[in-house]
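Read the structure below first, then the notes.
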Amino acid sequence: MSDKKQSLESFWMPFTGNRAFKKNPRLVARANGMYYYTPDGREILDMVAGLWCCNAGHGHPSIVAAIQAQAAEMDYAPPFGFGHPAAFEVAETLTGLTPAGMDHVFFTNSGSESVDTALKIALAYQKERGQPSRTRLIGRERGYHGVGFGGISVGGIPHNRKQFSNSMIPGVDHLPHTHLLDRNAYSRGLPEHGVELADALEAILTLHDPSNVAAVIVEPIAGSAGVLIPPRGYLKRLREICTRHDILLIFDEVITGFGRLGSNFAAQAFDVVPDIITSAKGLTSGTVPMGAVFVRDEIYNEFMSKPGSAIELFHGYTYSAHPLAVAACKATQKVYVDEGLFERSAAMAPIFEDALHSLKGEPNVIDIRNYGLMGAVEFAPVKGQPGARGAAIIQKCFEAGVMVRVTGDTIAFSPPLILEENHIQHAVETLRTVLRVGDV
Ligand code: PXG
């Protein structure tokens, strides 16, 4: 054992300014319910569900117990050519949550893997059904689809692409983003303007010819880019265009799934049925890494319809349907149902909306937007220093005992679904105080 003071140097932290963090670390050591606790015991209200994932709150006893019991019962089971009963059972439970006719699920370990899996399924499906020219993929500006090569290629976050710009997968186009600040600022729920942005899909299809396009992928609500809510009618129009041209529509529901919008998935909240849904995060309430890709029966059946018994899809992970993840997932889904957390999310959404919008008029606020239990407050950037104000605000909020997420100069909220009114008020009043005190 070394007695030297612990250094933060060895851990190369993900998506973090390592040098800034290590000078001024924000460490959390324990979590329970709505709260994190710093190593010295300070309470931090978690208004982001960790990283948009701990929908059941932290340390739920029945989820903890299920993971512990599984670790003792069977640590690992190979998913290639073998199976364990709980994986099939949880698959059936989960496909009961998707829109009708999406009764098959492929397990992964993260959102990034779910996205790349979905893209590979889309490409392989087009070949399987005899349309091999359909290889192009269409994403959207400001979309975040994880960090795999597929995900960063269809994604539209410049920072995620610029270090890897020569290594994108070929044949990808992007729809315009839907953040119309000048027309839709301070929208409550779905913004009124911008449905016509979906028509850009027709233009891309005209350019490349639909017979060359495999799939369109969008987040129903863009999360990482700062909670960008789709204009009213936009997703339905995307669906119509994809259907008309026989193109798969993929909803990346890594954030919007599992009660975030008060429903199982955004597909139900917006009444738009995609062909493939990607998920992760809330699947296990963030407790054990797990992702899931749901596909429509026609897609699964296409792979299964050929004669013979060979492997139908050359894809999979050593940890697909890992027993600990499956146990965590099963217990999490039971908590969601037993405690009515999706209904609770829906019930809290209007209170959350009112509280957030009460920040209108506070210093530097230029937009507030929300849907379900996702919300954002956008600030005017400091001249010449985009992102500086956002970074200062989350630091001040953390010091004041509230964890929020930042993207540029936008602060995002996506609290655990167990939250109560007093948590909302506390978070909003803390932010208000931070803004009024100034120097941010
Ligand atoms: N798709 C979406 C829509 C996501 O939000 C991923 C894919 C990738 O998931 P994994 O599990 O591979 O990280 C995500 C992840 C942020 C932030 O700053 C959001 C995510 C990840 C990291 C940071 O808001 N979402």
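Residues in the structure tokens are numbered from 1 in each chain, the chains being A, B, ... in the order shown, and ligands are numbered from 1 in the order shown.
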How would you write, as a PyMOL selection string, the set of residues no farther than 10 Å from ligand 1 when counting only C-alpha atoms and all ligand atoms?
-> chain A and resi 14-16+48+51-53+108-116+143-148+151-152+155+218-227+251-257+278-281+286+289-291+405-408+411-414
Those residues with C-alpha atoms, as a JSON list (two decimals), in the first residue's frame please?
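Below is the file that was written, out-v5.json:
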[["chain", "number", "residue", "atom", "x", "y", "z"],
["A", 14, "PRO", "CA", -14.07, 10.85, -20.61],
["A", 15, "PHE", "CA", -15.64, 13.96, -22.13],
["A", 16, "THR", "CA", -13.99, 16.07, -19.45],
["A", 48, "VAL", "CA", -29.65, 15.02, -14.04],
["A", 51, "LEU", "CA", -26.09, 11.39, -16.68],
["A", 52, "TRP", "CA", -29.74, 11.13, -17.77],
["A", 53, "CYS", "CA", -29.88, 7.54, -16.55],
["A", 108, "THR", "CA", -25.74, -4.27, -25.93],
["A", 109, "ASN", "CA", -23.83, -2.56, -23.10],
["A", 110, "SER", "CA", -24.24, 1.14, -23.84],
["A", 111, "GLY", "CA", -26.02, 3.71, -25.92],
["A", 112, "SER", "CA", -23.11, 3.92, -28.36],
["A", 113, "GLU", "CA", -23.24, 0.20, -28.94],
["A", 114, "SER", "CA", -27.01, 0.36, -29.34],
["A", 115, "VAL", "CA", -26.66, 2.99, -32.05],
["A", 116, "ASP", "CA", -23.97, 1.15, -33.98],
["A", 143, "GLY", "CA", -27.71, 14.92, -33.02],
["A", 144, "TYR", "CA", -25.77, 12.86, -30.47],
["A", 145, "HIS", "CA", -25.59, 9.15, -31.08],
["A", 146, "GLY", "CA", -22.66, 8.12, -28.94],
["A", 147, "VAL", "CA", -19.04, 7.66, -29.82],
["A", 148, "GLY", "CA", -18.75, 4.65, -32.12],
["A", 151, "GLY", "CA", -22.61, 7.10, -34.09],
["A", 152, "ILE", "CA", -20.22, 10.01, -34.62],
["A", 155, "GLY", "CA", -24.28, 12.42, -35.18],
["A", 218, "VAL", "CA", -32.87, 10.99, -34.94],
["A", 219, "GLU", "CA", -33.29, 11.52, -31.24],
["A", 220, "PRO", "CA", -37.00, 12.30, -30.73],
["A", 221, "ILE", "CA", -35.75, 15.02, -28.37],
["A", 222, "ALA", "CA", -32.08, 15.87, -28.80],
["A", 223, "GLY", "CA", -30.58, 15.54, -25.32],
["A", 224, "SER", "CA", -26.86, 16.22, -25.36],
["A", 225, "ALA", "CA", -27.22, 19.18, -27.70],
["A", 226, "GLY", "CA", -29.22, 20.93, -25.00],
["A", 227, "VAL", "CA", -32.76, 19.49, -24.96],
["A", 251, "PHE", "CA", -35.44, 6.65, -32.92],
["A", 252, "ASP", "CA", -32.45, 6.99, -30.62],
["A", 253, "GLU", "CA", -34.25, 6.80, -27.29],
["A", 254, "VAL", "CA", -31.19, 6.40, -25.09],
["A", 255, "ILE", "CA", -32.41, 9.39, -23.08],
["A", 256, "THR", "CA", -36.12, 9.59, -23.94],
["A", 257, "GLY", "CA", -36.92, 5.95, -23.10],
["A", 278, "THR", "CA", -32.21, 2.28, -29.43],
["A", 279, "SER", "CA", -32.03, 2.48, -25.65],
["A", 280, "ALA", "CA", -29.66, 2.26, -22.66],
["A", 281, "LYS", "CA", -29.39, 4.46, -19.52],
["A", 286, "GLY", "CA", -27.87, 3.40, -14.75],
["A", 289, "PRO", "CA", -24.20, -0.88, -18.10],
["A", 290, "MET", "CA", -26.77, -2.18, -20.58],
["A", 291, "GLY", "CA", -28.29, -1.18, -23.90],
["A", 405, "ARG", "CA", -25.66, 19.23, -16.81],
["A", 406, "VAL", "CA", -24.12, 21.73, -19.18],
["A", 407, "THR", "CA", -23.79, 21.85, -22.98],
["A", 408, "GLY", "CA", -22.20, 25.05, -24.16],
["A", 411, "ILE", "CA", -28.03, 24.01, -18.57],
["A", 412, "ALA", "CA", -30.00, 20.78, -18.83],
["A", 413, "PHE", "CA", -32.22, 19.07, -16.27],
["A", 414, "SER", "CA", -33.33, 15.44, -16.39]]
Which residues come within 10 Å of Val64 (chain A), counting only C-alpha atoms, excluding same-chain residues fewer than 5 positions away, as a list in words?
-> His58, Gly59, Ala69, Thr287, Ala327, Ala328, Ala331 and Thr332 of chain A
Selection from above, N, CA and C atoms, as a tab-separated table (two decimals), in the first residue's frame, can you write it?
chain	number	residue	atom	x	y	z
A	58	HIS	N	-31.27	6.87	-6.81
A	58	HIS	CA	-30.05	6.12	-6.48
A	58	HIS	C	-30.28	5.11	-5.36
A	59	GLY	N	-29.62	3.96	-5.51
A	59	GLY	CA	-29.55	2.98	-4.42
A	59	GLY	C	-30.89	2.37	-4.07
A	69	ALA	N	-27.71	-10.44	-5.47
A	69	ALA	CA	-28.10	-11.85	-5.53
A	69	ALA	C	-27.58	-12.49	-6.82
A	287	THR	N	-27.64	1.49	-13.26
A	287	THR	CA	-26.94	0.73	-12.21
A	287	THR	C	-25.87	-0.20	-12.77
A	327	ALA	N	-30.30	-8.81	-14.44
A	327	ALA	CA	-30.92	-8.76	-13.10
A	327	ALA	C	-31.28	-7.32	-12.73
A	328	ALA	N	-30.36	-6.40	-13.03
A	328	ALA	CA	-30.62	-4.99	-12.73
A	328	ALA	C	-31.81	-4.49	-13.55
A	331	ALA	N	-35.17	-5.90	-12.23
A	331	ALA	CA	-35.56	-5.25	-10.97
A	331	ALA	C	-35.97	-3.80	-11.23
A	332	THR	N	-35.25	-3.13	-12.11
A	332	THR	CA	-35.57	-1.72	-12.42
A	332	THR	C	-36.96	-1.61	-13.04
Separation of CA of Val216 (chain A) and CA of Leu235 (chain A), in Å?
-> 11.5 Å
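Using only C-alpha atoms, the shortest contact distance between Ala292 (chain A) and any of A:Val428, A:Val105, A:Leu180, A:Ala86 is found at A:Val105.
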Which residues in region 317-370 of chain A does DSSP call strand (DSSP E)? List them as a PyMOL selection string.
-> chain A and resi 365-370
Which residues, written as a PDB file with N, CA and C atoms, in the first residue's frame, have at least one atom at most 12 Å from Glu353 (chain A), with only C-alpha atoms counted and residues fewer than 5 positions away on the same chain left out?
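Here's the written file result00.pdb:
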ATOM      1  N   TYR A 186     -38.820  30.088 -25.403  1.00  0.00           N
ATOM      2  CA  TYR A 186     -39.764  29.977 -24.280  1.00  0.00           C
ATOM      3  C   TYR A 186     -40.997  29.126 -24.604  1.00  0.00           C
ATOM      4  N   SER A 187     -40.817  28.180 -25.538  1.00  0.00           N
ATOM      5  CA  SER A 187     -41.930  27.245 -25.803  1.00  0.00           C
ATOM      6  C   SER A 187     -42.129  26.351 -24.586  1.00  0.00           C
ATOM      7  N   ARG A 188     -43.377  26.121 -24.275  1.00  0.00           N
ATOM      8  CA  ARG A 188     -43.702  25.107 -23.266  1.00  0.00           C
ATOM      9  C   ARG A 188     -44.133  23.868 -24.045  1.00  0.00           C
ATOM     10  N   GLY A 189     -43.439  22.768 -23.867  1.00  0.00           N
ATOM     11  CA  GLY A 189     -43.751  21.569 -24.655  1.00  0.00           C
ATOM     12  C   GLY A 189     -43.308  21.737 -26.091  1.00  0.00           C
ATOM     13  N   SER A 345     -43.742  10.632 -13.444  1.00  0.00           N
ATOM     14  CA  SER A 345     -43.008  11.533 -14.341  1.00  0.00           C
ATOM     15  C   SER A 345     -44.009  12.442 -15.065  1.00  0.00           C
ATOM     16  N   ALA A 346     -45.073  11.832 -15.583  1.00  0.00           N
ATOM     17  CA  ALA A 346     -46.093  12.619 -16.303  1.00  0.00           C
ATOM     18  C   ALA A 346     -46.755  13.629 -15.365  1.00  0.00           C
ATOM     19  N   ALA A 347     -47.001  13.217 -14.130  1.00  0.00           N
ATOM     20  CA  ALA A 347     -47.692  14.098 -13.177  1.00  0.00           C
ATOM     21  C   ALA A 347     -46.801  15.265 -12.742  1.00  0.00           C
ATOM     22  N   MET A 348     -45.493  15.013 -12.642  1.00  0.00           N
ATOM     23  CA  MET A 348     -44.586  16.068 -12.192  1.00  0.00           C
ATOM     24  C   MET A 348     -44.223  17.046 -13.309  1.00  0.00           C
ATOM     25  N   SER A 358     -40.335  29.906 -14.646  1.00  0.00           N
ATOM     26  CA  SER A 358     -40.295  31.059 -13.730  1.00  0.00           C
ATOM     27  C   SER A 358     -38.932  31.755 -13.787  1.00  0.00           C
ATOM     28  N   LEU A 359     -37.958  31.115 -14.457  1.00  0.00           N
ATOM     29  CA  LEU A 359     -36.630  31.735 -14.565  1.00  0.00           C
ATOM     30  C   LEU A 359     -36.551  32.735 -15.719  1.00  0.00           C
ATOM     31  N   LYS A 360     -37.630  32.843 -16.485  1.00  0.00           N
ATOM     32  CA  LYS A 360     -37.644  33.822 -17.581  1.00  0.00           C
ATOM     33  C   LYS A 360     -37.400  35.218 -16.998  1.00  0.00           C
ATOM     34  N   ILE A 368     -36.006  29.037 -22.445  1.00  0.00           N
ATOM     35  CA  ILE A 368     -36.333  27.944 -21.526  1.00  0.00           C
ATOM     36  C   ILE A 368     -37.213  26.992 -22.315  1.00  0.00           C
ATOM     37  N   ARG A 369     -36.919  25.709 -22.239  1.00  0.00           N
ATOM     38  CA  ARG A 369     -37.713  24.732 -22.994  1.00  0.00           C
ATOM     39  C   ARG A 369     -37.838  23.445 -22.182  1.00  0.00           C
ATOM     40  N   ASN A 370     -38.858  22.684 -22.440  1.00  0.00           N
ATOM     41  CA  ASN A 370     -39.104  21.498 -21.625  1.00  0.00           C
ATOM     42  C   ASN A 370     -40.060  20.558 -22.327  1.00  0.00           C
ATOM     43  N   TYR A 371     -39.955  19.288 -21.976  1.00  0.00           N
ATOM     44  CA  TYR A 371     -40.956  18.287 -22.337  1.00  0.00           C
ATOM     45  C   TYR A 371     -40.780  17.135 -21.364  1.00  0.00           C
ATOM     46  N   GLY A 372     -41.868  16.659 -20.788  1.00  0.00           N
ATOM     47  CA  GLY A 372     -41.753  15.606 -19.788  1.00  0.00           C
ATOM     48  C   GLY A 372     -40.817  16.057 -18.680  1.00  0.00           C
ATOM     49  N   LEU A 373     -39.914  15.163 -18.270  1.00  0.00           N
ATOM     50  CA  LEU A 373     -38.930  15.574 -17.257  1.00  0.00           C
ATOM     51  C   LEU A 373     -37.566  15.841 -17.901  1.00  0.00           C
ATOM     52  N   MET A 374     -37.603  16.471 -19.077  1.00  0.00           N
ATOM     53  CA  MET A 374     -36.388  17.028 -19.688  1.00  0.00           C
ATOM     54  C   MET A 374     -36.592  18.524 -19.783  1.00  0.00           C
ATOM     55  N   GLY A 375     -35.588  19.281 -19.408  1.00  0.00           N
ATOM     56  CA  GLY A 375     -35.733  20.725 -19.507  1.00  0.00           C
ATOM     57  C   GLY A 375     -34.387  21.384 -19.693  1.00  0.00           C
ATOM     58  N   ALA A 376     -34.405  22.610 -20.208  1.00  0.00           N
ATOM     59  CA  ALA A 376     -33.159  23.335 -20.416  1.00  0.00           C
ATOM     60  C   ALA A 376     -33.377  24.826 -20.249  1.00  0.00           C
ATOM     61  N   VAL A 377     -32.342  25.478 -19.757  1.00  0.00           N
ATOM     62  CA  VAL A 377     -32.308  26.936 -19.705  1.00  0.00           C
ATOM     63  C   VAL A 377     -31.072  27.348 -20.489  1.00  0.00           C
ATOM     64  N   PHE A 413     -31.672  19.790 -17.430  1.00  0.00           N
ATOM     65  CA  PHE A 413     -32.218  19.070 -16.275  1.00  0.00           C
ATOM     66  C   PHE A 413     -32.851  17.772 -16.781  1.00  0.00           C
ATOM     67  N   SER A 414     -32.587  16.684 -16.116  1.00  0.00           N
ATOM     68  CA  SER A 414     -33.329  15.436 -16.388  1.00  0.00           C
ATOM     69  C   SER A 414     -33.309  14.618 -15.097  1.00  0.00           C
ATOM     70  N   GLU A 421     -41.924  17.854  -5.503  1.00  0.00           N
ATOM     71  CA  GLU A 421     -42.030  19.279  -5.803  1.00  0.00           C
ATOM     72  C   GLU A 421     -40.936  20.099  -5.106  1.00  0.00           C
ATOM     73  N   ILE A 424     -37.745  20.224  -7.030  1.00  0.00           N
ATOM     74  CA  ILE A 424     -37.811  21.121  -8.196  1.00  0.00           C
ATOM     75  C   ILE A 424     -37.611  22.561  -7.730  1.00  0.00           C
ATOM     76  N   GLN A 425     -38.348  22.928  -6.687  1.00  0.00           N
ATOM     77  CA  GLN A 425     -38.252  24.315  -6.205  1.00  0.00           C
ATOM     78  C   GLN A 425     -36.828  24.618  -5.744  1.00  0.00           C
ATOM     79  N   VAL A 428     -34.482  25.046  -8.785  1.00  0.00           N
ATOM     80  CA  VAL A 428     -34.738  26.270  -9.555  1.00  0.00           C
ATOM     81  C   VAL A 428     -34.324  27.504  -8.742  1.00  0.00           C
TER      82      VAL A 428
END
Per-residue DSSP, region 243-385 of chain A, filtered to helix (DSSP H, G or I), as a count of residues only = 50
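CA of Leu119 (chain A) to CA of Met168 (chain A) spans 13.8 Å [interatomic distance, one decimal].
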Per-residue nearest contacts region 284-319 of chain A to region 81-85 of chain A, cut-off 12 Å, using only C-alpha atoms, as a Markdown table:
| residue | atom | partner | partner_atom | distance |
| --- | --- | --- | --- | --- |
| A:Ala310 | CA | A:Gly81 | CA | 11.3 |
| A:Ile311 | CA | A:Gly81 | CA | 9.6 |
| A:Gly316 | CA | A:Gly81 | CA | 11.1 |
| A:Thr318 | CA | A:Gly81 | CA | 11.4 |
| A:Tyr319 | CA | A:Gly83 | CA | 11.7 |
Find the spatial neighbours of Ile138 (chain A), counting only C-alpha atoms, within a cut-off of 6 Å - ignore same-chain residues fewer than 2 positions away - and output them as a ChimeraX atom specification.
-> /A:172-174,216
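Surrounding region 232-234 of chain A within 7 Å are Leu190, Pro191, Glu192, Val195 and Ala198 of chain A, with only C-alpha atoms counted and residues fewer than 5 positions along the same chain left out.
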